[in-house]
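Here's the structure we're looking at; comments come further down.
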Amino acid sequence: TLSPTLAVVGLLMAYPLYVAIDLSLRGGQISDLLNLERNPLTLDNYRDVLTSPGLLGDVLRSMIYTVGVVVPAFALGLGLAILLNKAFPGRRIIRPLVLLPWAVPGVVVSAAFSWMLDASYGVVNHLLRTVGLIEHNVAWLADPDTALIAVILPTVWKYYPFFTLVLLAQLQSVPGEIYEAARMDGASPFQQFRHVTWPAVRTASSLAIVITGIGVFREFDFIFPLTGGGPNEATQTLAIRIYNEAFQYFEMGTAAALGIVTMAICGLLLKLAGRSVRREFS
């Protein structure tokens with residue numbers, strides 16, 4: 001039966017959540033997680049978090065970061081899925097190469113993009129100067145106006161293979177005869193996409209966007225190694241704020257409360273997005 005498995009999974013999910021909630025309700029400095037009961041129960045942590053003047057900015061940056069990653073990653077993934085669904089020489093070699101970024105650890109990706117975006121010798125500035133788009137080097141990671149874009153780029157590179165894989169799997173289930181019939185009826189490439197391709201991937205697209213969006217909203221691996229949330233908090237998302245509260249200011253209770261608030265925001269977004277997903281599956 002599944003009862004023992006469900007019990008173990010439930011324990012693994014419920015106990016850490018219980019500890020996080022308990023930690024968020026404890027006042028004072030917390031240095032010993034095994035003796036939380038020594039600290040008094042209080043709602044001060046939630047009051048401090050919800051009245052913090054920087055909370056709205058952190059939420060807004062998290063949402064901008066999420067949209068800035070999901071939209072181009074989905075568009076790139078969809079385009080590559082359509083391309084890889086066609087027969088052409090070298091397709092067997094290109095397919096695994098396209099999916100390779102998904103297997104690379106986020107910290108490694110951040111290190112590579114840190115070099116590429118370097119203000120002095122980065123390859124991105126070199127290429128942009130070569131084509132005449134910029135005259136002087138841009139400090140991508142040090143300028144508040146470009147830092148968020150700089151952390152979005154590696155995240156897109158990391159996430160687009162997931163969309164490619166999911167959408168390509170859906171396209172593989174569409175018989176080629178349907179496209180052949182559409183071409184014989186005089187359908188243009190756009191009409192083929194609108195009436196054949198998009199209906200085939202629409203349901204999977206909704207689900208993939210929701211899953212990726214929730215993951216990106218709480219992403220940490222790319223932002224912290226590249227900017228640490230700076231400069232001037234230009235890239236400080238909720239995930240970075242939680243880390244700073246816990247390990248820079250050692251406010252474990254405040255960090256836990258902020259984590260619970262983040263989880264509640266993710267749950268709300270998931271509920272709102274779930275309506276469209278349910279409509280697709282109904």
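Quick note on naming: the chains in the structure tokens go A, B, ... in the order shown, residues restart at 1 in each chain, and ligands are numbered from 1 in order of appearance.
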List the neighbours of A:Ala150 out to 9 Å using only C-alpha atoms; skip same-chain residues closer than 2 positions along the sequence, and give me the result as a count of residues only.
12
If you run DSSP over the backbone, which residues in stretch 129-258 of chain A end up alpha helix (DSSP H)? Put them as an MDAnalysis selection string.
chainID A and resid 129:130 147:172 176:184 189:192 198:217 223:226 238:243 252:258
For A:Tyr179, please output as a ChimeraX atom specification all residues within 12 Å (counting only C-alpha atoms; exclusion window: fewer than 2 positions along the same chain).
/A:85-86,171,174-177,181-197,200
Between atom CA of A:Glu251 and atom CA of A:Val49, what is the distance, to one decimal in Å?
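Between these atoms lies a distance of 11.3 Å.
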Taking only C-alpha atoms into account, name the residue in A:Val124, A:Ala256, A:Val107, A:Ala264 that is nearest to A:Val19.
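When distances to A:Val19 are compared using only C-alpha atoms, the smallest one comes from A:Ala256.
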Applying 10 Å and only C-alpha atoms, which residues near A:Val138 remain after dropping the ones on its own chain fewer than 3 positions away? List them as a ChimeraX atom specification.
/A:117-120,122,124-125,128,134-135,141-143,146
Write out as a PyMOL selection string each polymer residue whose atoms come within 9 Å of A:Pro161, counting only C-alpha atoms; drop sequence neighbours fewer than 5 positions from it.
chain A and resi 73+76-77+80+98-102+166
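Minimum atom-to-atom distances from A:Asp58, A:Asp48, A:Glu37, A:Glu180 to A:Gly229 were compared using only C-alpha atoms, and the lowest value belongs to A:Asp58.
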Tell me which of A:Phe74, A:Tyr15, A:Tyr46, A:Phe250 sits closest to A:Leu167, counting only C-alpha atoms.
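Ranked by minimum distance to A:Leu167, first place goes to A:Phe74.
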Show which residues sit within 12 Å of A:Leu50, as a PyMOL selection string. Count only C-alpha atoms, and ignore same-chain residues fewer than 3 positions away.
chain A and resi 43-47+53-56+58-59+254+257-262
